[in-house]
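> Handing you this structure, nothing more for now.
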Amino acid sequence: MAQPVTIYTDGAAKGNPGPGGYGAILMSGEHQLELSQGYRLTTNNRMELMAVIAALQALKKDNLQVQIYSDSQYVVKAVKEGWLKKWMATNFRGGKKNADLWREFHALSQQHQLRFHWVKGHADNEYNNRCDQLATEAAAGKKLKIDTGYEESLT
């Protein structure tokens, strides 16, 4: 049986909307991987969710036991309290935001056994703090990608 995976994630946006980035740390056994990426125009919530998506995309096997730690109430509650199920069932009726990313997350989530945990941000959790650093540095970086889903929603 494959080792369980622990993932920490964080997102950041300078201005909301503004330049943003995400950071993620994946850990399994002795292995650890850090991920980050910056975007020229996005929102904090999108980056929080993008961090989870990027981490899940990095997994090389299916049907893994994955513990995800995030300081985003938006992400954690959407999954744990069933908001996402309702949004999916109603096709995001009523203008629910970030439908593109939620659909992508939902598809990825079907490949694994996920458990979400909320952690207090900017506190004493070294992995959350490192993710915050990765996200902030990515948002301030020079090679910022285009968050197509967000920018297209503006037109």
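Just remember, in the structure tokens the first chain shown is A, the second B, etc., residues are 1-based per chain, and ligands are 1-based in the order shown.
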Return as a tab-separated table the residues of segment 111-148 of chain A lying at most 10 Å from segment 15-27 of chain A, together with the closest atom-to-atom pair for each and the distance in Å to one decimal, counting only C-alpha atoms, with rows in chain order and ascending residue number.

residue	atom	partner	partner_atom	distance
A:Tyr127	CA	A:Ile25	CA	7.3
A:Asn128	CA	A:Ala24	CA	8.7
A:Asn129	CA	A:Gly23	CA	9.9
A:Arg130	CA	A:Gly23	CA	8.0
A:Cys131	CA	A:Gly23	CA	4.6
A:Asp132	CA	A:Gly23	CA	6.5
A:Gln133	CA	A:Gly23	CA	7.5
A:Leu134	CA	A:Gly23	CA	4.8
A:Ala135	CA	A:Tyr22	CA	4.0
A:Thr136	CA	A:Gly21	CA	6.3
A:Glu137	CA	A:Gly21	CA	7.6
A:Ala138	CA	A:Gly21	CA	5.0
A:Ala139	CA	A:Gly20	CA	4.3
A:Ala140	CA	A:Pro19	CA	7.3
A:Gly141	CA	A:Gly21	CA	8.9
A:Leu144	CA	A:Pro19	CA	8.1
A:Lys145	CA	A:Gly21	CA	9.5
A:Ile146	CA	A:Pro19	CA	9.8
A:Asp147	CA	A:Gly20	CA	9.4
> Find the residues around segment 77-89 of chain A up to 12 Å (only C-alpha atoms counted), leave out those fewer than 3 positions away in its own chain, and share them as a ChimeraX atom specification.
/A:45,49,52,68,70-74,92-107,109,114-118
> Please indicate the distance in Å from atom CA of Gly121 of chain A to atom CA of Leu41 of chain A, rounded to one decimal place.
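About the pair atom CA of Gly121 of chain A and atom CA of Leu41 of chain A: they are 22.6 Å apart.
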> Would you pick out the contacts of Leu59 of chain A at 9 Å or less, using only C-alpha atoms, so that residues sharing its chain but fewer than 4 positions from it are not included, and give the list as a ChimeraX atom specification?
/A:5,26,55,64
> For the selection you just gave me, I'd like the residues written to a file as a CSV table (one decimal), in the first residue's frame, keeping C-alpha atoms.

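Output file selection-v1.csv follows:
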chain,number,residue,atom,x,y,z
A,5,VAL,CA,0.5,11.9,1.6
A,26,LEU,CA,3.8,17.6,-0.4
A,55,ALA,CA,-0.6,19.7,-5.2
A,64,LEU,CA,-3.9,7.8,-2.2
> One decimal, Å: what's the distance from atom CA of His31 of chain A over to atom CA of Met47 of chain A, could you say?
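Taking atom CA of His31 of chain A as the start and atom CA of Met47 of chain A as the end point, the length is 24.3 Å.
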> Using only C-alpha atoms for the distances, tell me which of A:Thr148, A:Pro4, A:His122, A:Lys143 is nearest to Gln67 of chain A.
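Of A:Thr148, A:Pro4, A:His122, A:Lys143, the one nearest Gln67 of chain A is A:Pro4, counting only C-alpha atoms.
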> Residues of chain A in strand (DSSP E or B) according to DSSP, as a ChimeraX atom specification?
/A:5-13,18-28,31-42,65-70,113-118,145
> Have a look at atom CA of Gly38 of chain A and atom CA of Lys14 of chain A and let me know their distance in Å, one decimal.
11.0 Å
